[in-house]
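For reference, query-v5.cif is printed below; it contains mmCIF, C-alpha atoms.
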```cif
data_structure
loop_
_atom_site.label_atom_id
_atom_site.label_comp_id
_atom_site.auth_asym_id
_atom_site.auth_seq_id
_atom_site.Cartn_x
_atom_site.Cartn_y
_atom_site.Cartn_z
CA MET A 1 89.24 118.53 92.49
CA ASP A 2 88.89 120.10 89.06
CA GLN A 3 87.39 118.36 86.04
CA GLU A 4 90.77 117.61 84.46
CA THR A 5 91.99 115.85 87.60
CA ARG A 6 88.72 113.96 87.84
CA GLU A 7 89.12 112.72 84.26
CA ASP A 8 92.79 111.83 84.85
CA LEU A 9 91.97 109.76 87.94
CA PHE A 10 89.07 108.07 86.17
CA ALA A 11 91.32 107.15 83.22
CA SER A 12 94.21 106.04 85.45
CA VAL A 13 91.96 103.53 87.17
CA ARG A 14 90.31 102.49 83.93
CA TYR A 15 93.68 101.78 82.28
CA GLY A 16 95.41 100.42 85.37
CA ASP A 17 98.09 103.08 85.82
CA ALA A 18 98.82 102.54 89.51
CA GLN A 19 101.61 105.12 89.63
CA ASP A 20 99.35 107.89 88.34
CA VAL A 21 96.58 106.84 90.71
CA VAL A 22 98.94 107.10 93.68
CA GLU A 23 100.30 110.47 92.54
CA ILE A 24 96.85 111.97 91.96
CA ILE A 25 95.43 110.68 95.25
CA THR A 26 98.47 111.89 97.20
CA GLU A 27 98.34 115.37 95.65
CA GLU A 28 94.60 115.73 96.07
CA LEU A 29 94.63 114.64 99.72
CA ALA A 30 97.41 117.15 100.40
CA ALA A 31 95.24 119.81 98.75
CA GLY A 32 92.32 118.96 101.02
CA THR A 33 90.10 117.20 98.48
CA ASP A 34 87.25 115.16 99.99
CA PRO A 35 88.46 111.53 100.03
CA ASN A 36 84.90 110.35 99.37
CA ALA A 37 84.90 112.30 96.11
CA LEU A 38 88.16 110.65 95.09
CA LEU A 39 86.74 107.23 95.89
CA ASP A 40 83.62 107.95 93.85
CA VAL A 41 85.74 108.77 90.79
CA MET A 42 87.75 105.56 91.16
CA ILE A 43 84.60 103.49 91.52
CA GLY A 44 83.30 105.11 88.36
CA GLY A 45 86.47 104.11 86.53
CA ILE A 46 86.29 100.48 87.60
CA GLN A 47 82.56 100.31 86.82
CA ALA A 48 83.24 101.64 83.33
CA LEU A 49 85.80 98.90 82.88
CA GLY A 50 83.23 96.38 84.08
CA GLU A 51 80.83 97.44 81.34
CA LEU A 52 83.56 97.01 78.74
CA PHE A 53 84.31 93.55 80.13
CA LYS A 54 80.66 92.57 79.81
CA ASP A 55 80.75 93.70 76.18
CA GLY A 56 83.89 91.67 75.48
CA ALA A 57 85.97 94.79 74.81
CA VAL A 58 88.49 94.03 77.57
CA PHE A 59 89.64 90.81 79.23
CA LEU A 60 90.51 89.57 82.71
CA PRO A 61 94.22 90.54 82.64
CA GLU A 62 93.21 94.16 81.99
CA VAL A 63 90.63 93.99 84.76
CA LEU A 64 93.24 92.66 87.18
CA ILE A 65 95.66 95.49 86.37
CA SER A 66 92.96 98.11 86.85
CA VAL A 67 91.70 96.61 90.10
CA ARG A 68 95.23 96.57 91.48
CA ALA A 69 95.65 100.23 90.55
CA MET A 70 92.39 101.08 92.29
CA ASN A 71 93.40 99.15 95.37
CA ARG A 72 96.60 101.20 95.60
CA GLY A 73 94.47 104.32 95.67
CA THR A 74 91.98 102.86 98.12
CA GLU A 75 94.77 102.00 100.56
CA LEU A 76 95.84 105.65 100.54
CA LEU A 77 92.28 106.80 101.12
CA LYS A 78 91.38 104.42 103.94
CA PRO A 79 92.92 106.47 106.80
CA HIS A 80 91.00 109.53 105.59
CA LEU A 81 87.60 107.88 105.19
CA ALA A 82 86.23 108.41 108.66
CA SER A 83 82.66 108.24 107.39
CA ASN A 84 82.34 106.75 103.96
CA ALA A 85 78.86 105.97 102.64
CA GLN A 86 80.27 103.68 99.97
CA ALA A 87 81.74 101.41 102.64
CA ASN A 88 78.23 100.83 103.91
CA ARG A 89 77.15 98.90 100.84
CA GLY A 90 77.47 95.69 102.82
CA SER A 91 79.89 93.11 104.16
CA VAL A 92 80.96 89.85 102.56
CA VAL A 93 82.64 86.74 103.95
CA LEU A 94 84.62 85.21 101.11
CA GLY A 95 86.58 81.99 100.69
CA SER A 96 87.46 78.98 98.55
CA VAL A 97 85.79 75.89 100.00
CA GLY A 98 87.53 73.03 101.77
CA GLY A 99 89.86 71.03 99.55
CA ASP A 100 90.18 73.81 96.99
CA ILE A 101 93.38 75.86 96.93
CA HIS A 102 92.62 77.95 93.84
CA ASP A 103 92.54 81.64 94.62
CA ILE A 104 92.92 83.75 91.47
CA GLY A 105 89.21 84.04 90.79
CA LYS A 106 88.41 84.46 94.47
CA ASN A 107 91.02 87.19 94.83
CA LEU A 108 89.66 89.05 91.82
CA VAL A 109 86.15 88.93 93.26
CA GLY A 110 87.46 90.14 96.61
CA MET A 111 89.32 93.04 95.04
CA MET A 112 86.33 94.04 92.93
CA LEU A 113 83.97 93.91 95.91
CA SER A 114 86.37 95.92 98.05
CA GLY A 115 86.92 98.42 95.27
CA ASN A 116 83.17 98.87 94.91
CA GLY A 117 82.67 99.77 98.55
CA TYR A 118 81.98 96.43 100.23
CA ARG A 119 83.75 95.29 103.38
CA VAL A 120 85.37 91.97 102.54
CA ILE A 121 86.45 89.35 105.06
CA ASP A 122 88.61 87.02 102.97
CA LEU A 123 89.14 83.65 104.67
CA GLY A 124 91.54 82.42 101.99
CA VAL A 125 91.57 78.95 100.43
CA ASP A 126 90.72 75.44 101.65
CA VAL A 127 88.29 76.96 104.16
CA LYS A 128 86.71 74.41 106.45
CA VAL A 129 83.02 74.44 107.28
CA ALA A 130 83.68 75.40 110.90
CA THR A 131 85.78 78.36 109.77
CA PHE A 132 82.99 79.67 107.56
CA LEU A 133 80.48 79.32 110.41
CA LYS A 134 82.77 81.07 112.89
CA ALA A 135 83.30 83.97 110.48
CA ILE A 136 79.56 84.31 109.83
CA GLU A 137 78.84 84.35 113.55
CA GLU A 138 81.64 86.80 114.31
CA HIS A 139 81.19 89.27 111.46
CA GLN A 140 77.45 88.87 110.77
CA PRO A 141 77.93 89.59 107.05
CA ASP A 142 75.25 90.44 104.55
CA LEU A 143 76.64 87.93 102.09
CA LEU A 144 78.60 84.68 102.07
CA ALA A 145 80.56 84.18 98.85
CA MET A 146 82.12 80.77 98.21
CA SER A 147 84.39 79.73 95.36
CA GLY A 148 85.27 76.31 93.99
CA LEU A 149 87.18 75.38 90.85
CA LEU A 150 86.93 71.60 91.03
CA THR A 151 83.94 69.32 90.56
CA THR A 152 85.24 67.41 93.57
CA THR A 153 85.13 70.44 95.87
CA ILE A 154 82.00 72.37 94.88
CA PRO A 155 79.73 69.91 96.76
CA GLN A 156 81.13 71.69 99.83
CA PHE A 157 78.80 74.58 98.96
CA SER A 158 75.79 72.63 100.14
CA VAL A 159 77.63 71.34 103.20
CA VAL A 160 78.39 74.90 104.33
CA ILE A 161 74.89 76.13 103.51
CA ASP A 162 73.23 73.26 105.37
CA ALA A 163 75.53 73.74 108.35
CA SER A 164 74.76 77.46 108.49
CA GLU A 165 71.04 76.71 108.50
CA GLN A 166 71.41 74.15 111.27
CA ALA A 167 73.45 76.63 113.29
CA GLY A 168 70.77 79.29 112.90
CA LEU A 169 73.05 81.57 110.90
CA ARG A 170 71.25 81.58 107.56
CA ARG A 171 68.58 84.14 108.36
CA GLY A 172 69.26 87.43 106.59
CA LEU A 173 72.37 85.98 104.95
CA GLY A 174 72.65 85.88 101.17
CA VAL A 175 74.80 83.16 99.63
CA MET A 176 76.64 83.53 96.34
CA VAL A 177 78.76 80.81 94.74
CA GLY A 178 81.10 80.76 91.77
CA GLY A 179 83.87 78.93 89.94
CA ALA A 180 84.47 77.40 86.54
CA PRO A 181 82.20 74.34 86.93
CA VAL A 182 79.39 76.25 88.65
CA THR A 183 76.15 77.16 86.88
CA GLN A 184 72.95 78.84 87.96
CA GLU A 185 71.29 75.42 88.01
CA TYR A 186 73.96 74.05 90.31
CA ALA A 187 73.75 77.08 92.58
CA THR A 188 70.01 76.56 92.93
CA LYS A 189 70.51 72.86 93.55
CA VAL A 190 72.85 73.41 96.51
CA GLY A 191 70.64 76.07 98.05
CA ALA A 192 72.59 79.21 97.13
CA ASP A 193 70.73 82.43 96.43
CA GLY A 194 72.78 83.24 93.36
CA TRP A 195 75.96 82.73 91.41
CA ALA A 196 78.47 84.74 89.40
CA GLU A 197 80.42 83.53 86.40
CA ASP A 198 83.20 86.10 86.79
CA CYS A 199 84.42 88.94 89.00
CA ILE A 200 82.41 91.57 87.13
CA ALA A 201 79.15 89.65 87.42
CA ALA A 202 79.92 89.15 91.12
CA ILE A 203 79.52 92.88 91.78
CA ASP A 204 76.03 93.03 90.28
CA GLU A 205 75.02 89.79 91.96
CA ALA A 206 76.29 90.94 95.35
CA GLY A 207 74.25 94.11 95.07
CA ARG A 208 71.15 92.17 94.06
CA LEU A 209 71.47 89.63 96.85
CA ILE A 210 72.24 92.13 99.59
CA GLY A 211 69.36 94.30 98.43
CA ALA A 212 67.02 91.31 98.61
CA HIS A 213 67.87 90.45 102.22
#
```
Rewritten as structure tokens:
Amino acid sequence: MDQETREDLFASVRYGDAQDVVEIITEELAAGTDPNALLDVMIGGIQALGELFKDGAVFLPEVLISVRAMNRGTELLKPHLASNAQANRGSVVLGSVGGDIHDIGKNLVGMMLSGNGYRVIDLGVDVKVATFLKAIEEHQPDLLAMSGLLTTTIPQFSVVIDASEQAGLRRGLGVMVGGAPVTQEYATKVGADGWAEDCIAAIDEAGRLIGAH
């Protein structure tokens, strides 16, 4: 992969041009380019966008478009990534808690985590306590990420956390929570290890929490 192609792929992810991402990835794979190198460039593009988001230079709709473009490229790469170091960053069980059917924020977090090299097990919305526990036991993730958008549903955070402790599943498991009504103070109150106010912050927080366990 030459420098011009590298810059084109980086920019295509950064600006959310899914068609260009697909074309570049397809051509480079046919030419024998290391899929890990292609993934690294895409991750760089999405991380650059994340920095702009933190600075208020771009907004969530732009992030969503870029993440979708990256995911198109990632899907093409998956069959070729027999041994991908980035995929070893950790695994995350993700879901909106019981009673909550909001999924936009959760989906963004899932896409960002996946795009940054994490293995994501997305349980969907209105996830019951037993379903969370079963997924933790089955997948043995590094991190449990729960989302809630309603003040009436976020108390489920503590229910799931308490249940995981009682089931002996909390050891070595980081817990991250998020959603519009959630604050760091609330996360601490319910026994979570951390929280994220948006999908960009979730990437940094996931890395911090997984590194701490």
Mind telling me what the PyMOL selection byres ((chain A and resi 135-143) around 12) catches here, as a PyMOL selection string? chain A and resi 88-95+113+118-124+127-134+144-146+160-161+163-165+167-177+192-195+202-203+205-213
Using the chain letters and numbers from the file, give me the residues hit by the PyMOL selection byres ((chain A and resi 66-75) around 9), as a ChimeraX atom specification. /A:12-22,24-26,38-39,42-43,45-46,49,61-65,76-79,108,111-112,114-115
In file coordinates, which residues lie within 10 Å of (78.9, 85.2, 86.2) using only C-alpha atoms, given as a compact mmCIF listing (two decimals) with C-alpha atoms, keeping the file's coordinate frame?
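Generated output (point-v3.txt):
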```
# COMPACT_ATOMS: atom_id res chain seq x y z
CA LYS A 54 80.66 92.57 79.81
CA VAL A 177 78.76 80.81 94.74
CA GLY A 178 81.10 80.76 91.77
CA GLY A 179 83.87 78.93 89.94
CA ALA A 180 84.47 77.40 86.54
CA VAL A 182 79.39 76.25 88.65
CA THR A 183 76.15 77.16 86.88
CA GLN A 184 72.95 78.84 87.96
CA GLY A 194 72.78 83.24 93.36
CA TRP A 195 75.96 82.73 91.41
CA ALA A 196 78.47 84.74 89.40
CA GLU A 197 80.42 83.53 86.40
CA ASP A 198 83.20 86.10 86.79
CA CYS A 199 84.42 88.94 89.00
CA ILE A 200 82.41 91.57 87.13
CA ALA A 201 79.15 89.65 87.42
CA ALA A 202 79.92 89.15 91.12
CA ILE A 203 79.52 92.88 91.78
CA ASP A 204 76.03 93.03 90.28
CA GLU A 205 75.02 89.79 91.96
```
I'd like to see the residues matched by the PyMOL selection byres ((chain A and resi 6) around 10) on this file, and ideally I'd get them as a PyMOL selection string. chain A and resi 1-5+7-12+24+37-38+40-42
Interatomic distance (Å, one decimal) between CA of Gly98 in chain A and CA of Lys189 in chain A: 18.9 Å
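Nearest residue to Asp162 in chain A among A:Asp34, A:Phe59, A:Gly191, A:Asn107 is A:Gly191, counting all atoms listed in the file.
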Kindly give the distance, in Å, that separates CA of Val97 in chain A and CA of Tyr186 in chain A, rounded to a single decimal.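 Interatomic distance, CA of Val97 in chain A to CA of Tyr186 in chain A: 15.4 Å.
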Between CA of Ile104 in chain A and CA of Val190 in chain A, measure the distance and give it in Å to one decimal.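 We find that CA of Ile104 in chain A and CA of Val190 in chain A lie 23.1 Å from each other.
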Counting only C-alpha atoms, which of A:Ile154, A:Leu149, A:Ala187, A:Val58 gets nearest to Asp103 in chain A? A:Leu149
Serialized range 64-113 of chain A w/ N, CA and C atoms as a PDB file, in the first residue's frame:
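Saved to selection-v6.pdb:
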```pdb
ATOM      1  N   LEU A  64     -21.480   9.021  12.922  1.00  0.00           N
ATOM      2  CA  LEU A  64     -22.261   7.857  12.506  1.00  0.00           C
ATOM      3  C   LEU A  64     -21.939   7.483  11.064  1.00  0.00           C
ATOM      4  N   ILE A  65     -21.871   8.474  10.176  1.00  0.00           N
ATOM      5  CA  ILE A  65     -21.570   8.211   8.769  1.00  0.00           C
ATOM      6  C   ILE A  65     -20.181   7.595   8.619  1.00  0.00           C
ATOM      7  N   SER A  66     -19.225   8.125   9.361  1.00  0.00           N
ATOM      8  CA  SER A  66     -17.861   7.614   9.272  1.00  0.00           C
ATOM      9  C   SER A  66     -17.747   6.203   9.841  1.00  0.00           C
ATOM     10  N   VAL A  67     -18.422   5.953  10.945  1.00  0.00           N
ATOM     11  CA  VAL A  67     -18.374   4.623  11.552  1.00  0.00           C
ATOM     12  C   VAL A  67     -18.999   3.592  10.612  1.00  0.00           C
ATOM     13  N   ARG A  68     -20.073   3.978   9.952  1.00  0.00           N
ATOM     14  CA  ARG A  68     -20.704   3.054   9.008  1.00  0.00           C
ATOM     15  C   ARG A  68     -19.768   2.745   7.840  1.00  0.00           C
ATOM     16  N   ALA A  69     -19.058   3.759   7.371  1.00  0.00           N
ATOM     17  CA  ALA A  69     -18.102   3.547   6.281  1.00  0.00           C
ATOM     18  C   ALA A  69     -17.001   2.596   6.730  1.00  0.00           C
ATOM     19  N   MET A  70     -16.518   2.797   7.949  1.00  0.00           N
ATOM     20  CA  MET A  70     -15.470   1.923   8.465  1.00  0.00           C
ATOM     21  C   MET A  70     -15.973   0.496   8.612  1.00  0.00           C
ATOM     22  N   ASN A  71     -17.197   0.351   9.073  1.00  0.00           N
ATOM     23  CA  ASN A  71     -17.744  -0.987   9.247  1.00  0.00           C
ATOM     24  C   ASN A  71     -17.869  -1.736   7.922  1.00  0.00           C
ATOM     25  N   ARG A  72     -18.149  -0.991   6.851  1.00  0.00           N
ATOM     26  CA  ARG A  72     -18.199  -1.621   5.522  1.00  0.00           C
ATOM     27  C   ARG A  72     -16.821  -2.202   5.181  1.00  0.00           C
ATOM     28  N   GLY A  73     -15.797  -1.428   5.470  1.00  0.00           N
ATOM     29  CA  GLY A  73     -14.441  -1.903   5.213  1.00  0.00           C
ATOM     30  C   GLY A  73     -14.061  -3.056   6.109  1.00  0.00           C
ATOM     31  N   THR A  74     -14.445  -2.978   7.370  1.00  0.00           N
ATOM     32  CA  THR A  74     -14.116  -4.032   8.330  1.00  0.00           C
ATOM     33  C   THR A  74     -14.747  -5.360   7.934  1.00  0.00           C
ATOM     34  N   GLU A  75     -15.987  -5.310   7.429  1.00  0.00           N
ATOM     35  CA  GLU A  75     -16.659  -6.529   6.989  1.00  0.00           C
ATOM     36  C   GLU A  75     -15.894  -7.205   5.862  1.00  0.00           C
ATOM     37  N   LEU A  76     -15.315  -6.397   4.970  1.00  0.00           N
ATOM     38  CA  LEU A  76     -14.522  -6.960   3.880  1.00  0.00           C
ATOM     39  C   LEU A  76     -13.225  -7.579   4.392  1.00  0.00           C
ATOM     40  N   LEU A  77     -12.677  -6.999   5.444  1.00  0.00           N
ATOM     41  CA  LEU A  77     -11.402  -7.464   5.977  1.00  0.00           C
ATOM     42  C   LEU A  77     -11.524  -8.717   6.835  1.00  0.00           C
ATOM     43  N   LYS A  78     -12.661  -8.879   7.490  1.00  0.00           N
ATOM     44  CA  LYS A  78     -12.808  -9.953   8.474  1.00  0.00           C
ATOM     45  C   LYS A  78     -12.358 -11.328   7.982  1.00  0.00           C
ATOM     46  N   PRO A  79     -12.752 -11.751   6.775  1.00  0.00           N
ATOM     47  CA  PRO A  79     -12.335 -13.093   6.330  1.00  0.00           C
ATOM     48  C   PRO A  79     -10.832 -13.225   6.140  1.00  0.00           C
ATOM     49  N   HIS A  80     -10.137 -12.097   6.027  1.00  0.00           N
ATOM     50  CA  HIS A  80      -8.700 -12.123   5.768  1.00  0.00           C
ATOM     51  C   HIS A  80      -7.858 -11.916   7.032  1.00  0.00           C
ATOM     52  N   LEU A  81      -8.532 -11.636   8.140  1.00  0.00           N
ATOM     53  CA  LEU A  81      -7.805 -11.343   9.373  1.00  0.00           C
ATOM     54  C   LEU A  81      -7.676 -12.600  10.219  1.00  0.00           C
ATOM     55  N   ALA A  82      -6.857 -13.505   9.778  1.00  0.00           N
ATOM     56  CA  ALA A  82      -6.690 -14.765  10.494  1.00  0.00           C
ATOM     57  C   ALA A  82      -6.068 -14.546  11.856  1.00  0.00           C
ATOM     58  N   SER A  83      -5.160 -13.589  11.937  1.00  0.00           N
ATOM     59  CA  SER A  83      -4.499 -13.290  13.206  1.00  0.00           C
ATOM     60  C   SER A  83      -4.323 -11.787  13.293  1.00  0.00           C
ATOM     61  N   ASN A  84      -5.288 -11.163  13.946  1.00  0.00           N
ATOM     62  CA  ASN A  84      -5.288  -9.704  13.999  1.00  0.00           C
ATOM     63  C   ASN A  84      -5.065  -9.214  15.417  1.00  0.00           C
ATOM     64  N   ALA A  85      -3.946  -8.572  15.670  1.00  0.00           N
ATOM     65  CA  ALA A  85      -3.620  -8.108  17.023  1.00  0.00           C
ATOM     66  C   ALA A  85      -4.638  -7.111  17.530  1.00  0.00           C
ATOM     67  N   GLN A  86      -5.196  -6.296  16.625  1.00  0.00           N
ATOM     68  CA  GLN A  86      -6.154  -5.285  17.063  1.00  0.00           C
ATOM     69  C   GLN A  86      -7.391  -5.930  17.669  1.00  0.00           C
ATOM     70  N   ALA A  87      -7.758  -7.119  17.149  1.00  0.00           N
ATOM     71  CA  ALA A  87      -8.964  -7.775  17.651  1.00  0.00           C
ATOM     72  C   ALA A  87      -8.768  -8.307  19.063  1.00  0.00           C
ATOM     73  N   ASN A  88      -7.540  -8.267  19.538  1.00  0.00           N
ATOM     74  CA  ASN A  88      -7.250  -8.771  20.877  1.00  0.00           C
ATOM     75  C   ASN A  88      -7.289  -7.672  21.936  1.00  0.00           C
ATOM     76  N   ARG A  89      -7.866  -6.540  21.594  1.00  0.00           N
ATOM     77  CA  ARG A  89      -7.913  -5.450  22.564  1.00  0.00           C
ATOM     78  C   ARG A  89      -8.860  -5.769  23.711  1.00  0.00           C
ATOM     79  N   GLY A  90      -9.775  -6.702  23.495  1.00  0.00           N
ATOM     80  CA  GLY A  90     -10.688  -7.082  24.549  1.00  0.00           C
ATOM     81  C   GLY A  90     -12.068  -7.383  24.006  1.00  0.00           C
ATOM     82  N   SER A  91     -12.908  -7.944  24.846  1.00  0.00           N
ATOM     83  CA  SER A  91     -14.273  -8.268  24.444  1.00  0.00           C
ATOM     84  C   SER A  91     -15.255  -7.555  25.361  1.00  0.00           C
ATOM     85  N   VAL A  92     -16.394  -7.190  24.772  1.00  0.00           N
ATOM     86  CA  VAL A  92     -17.392  -6.389  25.486  1.00  0.00           C
ATOM     87  C   VAL A  92     -18.784  -6.968  25.272  1.00  0.00           C
ATOM     88  N   VAL A  93     -19.500  -7.204  26.367  1.00  0.00           N
ATOM     89  CA  VAL A  93     -20.923  -7.530  26.289  1.00  0.00           C
ATOM     90  C   VAL A  93     -21.679  -6.216  26.436  1.00  0.00           C
ATOM     91  N   LEU A  94     -22.555  -5.953  25.487  1.00  0.00           N
ATOM     92  CA  LEU A  94     -23.226  -4.655  25.397  1.00  0.00           C
ATOM     93  C   LEU A  94     -24.735  -4.829  25.319  1.00  0.00           C
ATOM     94  N   GLY A  95     -25.484  -3.935  25.961  1.00  0.00           N
ATOM     95  CA  GLY A  95     -26.935  -3.998  25.847  1.00  0.00           C
ATOM     96  C   GLY A  95     -27.634  -2.861  26.567  1.00  0.00           C
ATOM     97  N   SER A  96     -28.850  -2.547  26.103  1.00  0.00           N
ATOM     98  CA  SER A  96     -29.718  -1.602  26.813  1.00  0.00           C
ATOM     99  C   SER A  96     -30.477  -2.391  27.872  1.00  0.00           C
ATOM    100  N   VAL A  97     -30.557  -1.854  29.070  1.00  0.00           N
ATOM    101  CA  VAL A  97     -31.116  -2.605  30.200  1.00  0.00           C
ATOM    102  C   VAL A  97     -32.612  -2.856  30.050  1.00  0.00           C
ATOM    103  N   GLY A  98     -33.113  -3.762  30.877  1.00  0.00           N
ATOM    104  CA  GLY A  98     -34.512  -4.152  30.850  1.00  0.00           C
ATOM    105  C   GLY A  98     -35.457  -2.958  30.942  1.00  0.00           C
ATOM    106  N   GLY A  99     -36.454  -2.940  30.072  1.00  0.00           N
ATOM    107  CA  GLY A  99     -37.423  -1.863  30.051  1.00  0.00           C
ATOM    108  C   GLY A  99     -37.055  -0.719  29.135  1.00  0.00           C
ATOM    109  N   ASP A 100     -35.830  -0.733  28.624  1.00  0.00           N
ATOM    110  CA  ASP A 100     -35.355   0.361  27.773  1.00  0.00           C
ATOM    111  C   ASP A 100     -35.160  -0.150  26.347  1.00  0.00           C
ATOM    112  N   ILE A 101     -35.868   0.462  25.399  1.00  0.00           N
ATOM    113  CA  ILE A 101     -35.792   0.005  24.008  1.00  0.00           C
ATOM    114  C   ILE A 101     -35.021   0.984  23.119  1.00  0.00           C
ATOM    115  N   HIS A 102     -34.339   1.938  23.718  1.00  0.00           N
ATOM    116  CA  HIS A 102     -33.552   2.894  22.938  1.00  0.00           C
ATOM    117  C   HIS A 102     -32.227   2.248  22.517  1.00  0.00           C
ATOM    118  N   ASP A 103     -31.877   2.413  21.259  1.00  0.00           N
ATOM    119  CA  ASP A 103     -30.684   1.715  20.785  1.00  0.00           C
ATOM    120  C   ASP A 103     -29.713   2.561  19.964  1.00  0.00           C
ATOM    121  N   ILE A 104     -30.038   3.808  19.672  1.00  0.00           N
ATOM    122  CA  ILE A 104     -29.150   4.592  18.812  1.00  0.00           C
ATOM    123  C   ILE A 104     -27.785   4.790  19.468  1.00  0.00           C
ATOM    124  N   GLY A 105     -27.793   5.258  20.710  1.00  0.00           N
ATOM    125  CA  GLY A 105     -26.534   5.453  21.414  1.00  0.00           C
ATOM    126  C   GLY A 105     -25.786   4.152  21.609  1.00  0.00           C
ATOM    127  N   LYS A 106     -26.511   3.114  21.994  1.00  0.00           N
ATOM    128  CA  LYS A 106     -25.889   1.794  22.187  1.00  0.00           C
ATOM    129  C   LYS A 106     -25.255   1.305  20.891  1.00  0.00           C
ATOM    130  N   ASN A 107     -25.967   1.455  19.794  1.00  0.00           N
ATOM    131  CA  ASN A 107     -25.444   0.994  18.505  1.00  0.00           C
ATOM    132  C   ASN A 107     -24.193   1.759  18.098  1.00  0.00           C
ATOM    133  N   LEU A 108     -24.187   3.056  18.362  1.00  0.00           N
ATOM    134  CA  LEU A 108     -23.003   3.855  18.054  1.00  0.00           C
ATOM    135  C   LEU A 108     -21.802   3.379  18.865  1.00  0.00           C
ATOM    136  N   VAL A 109     -22.025   3.131  20.140  1.00  0.00           N
ATOM    137  CA  VAL A 109     -20.945   2.638  20.994  1.00  0.00           C
ATOM    138  C   VAL A 109     -20.448   1.290  20.478  1.00  0.00           C
ATOM    139  N   GLY A 110     -21.381   0.417  20.120  1.00  0.00           N
ATOM    140  CA  GLY A 110     -21.002  -0.892  19.605  1.00  0.00           C
ATOM    141  C   GLY A 110     -20.181  -0.793  18.332  1.00  0.00           C
ATOM    142  N   MET A 111     -20.598   0.075  17.425  1.00  0.00           N
ATOM    143  CA  MET A 111     -19.861   0.246  16.177  1.00  0.00           C
ATOM    144  C   MET A 111     -18.477   0.827  16.412  1.00  0.00           C
ATOM    145  N   MET A 112     -18.394   1.793  17.323  1.00  0.00           N
ATOM    146  CA  MET A 112     -17.098   2.400  17.618  1.00  0.00           C
ATOM    147  C   MET A 112     -16.154   1.398  18.279  1.00  0.00           C
ATOM    148  N   LEU A 113     -16.674   0.610  19.205  1.00  0.00           N
ATOM    149  CA  LEU A 113     -15.846  -0.404  19.859  1.00  0.00           C
ATOM    150  C   LEU A 113     -15.359  -1.434  18.850  1.00  0.00           C
TER     151      LEU A 113
END
```
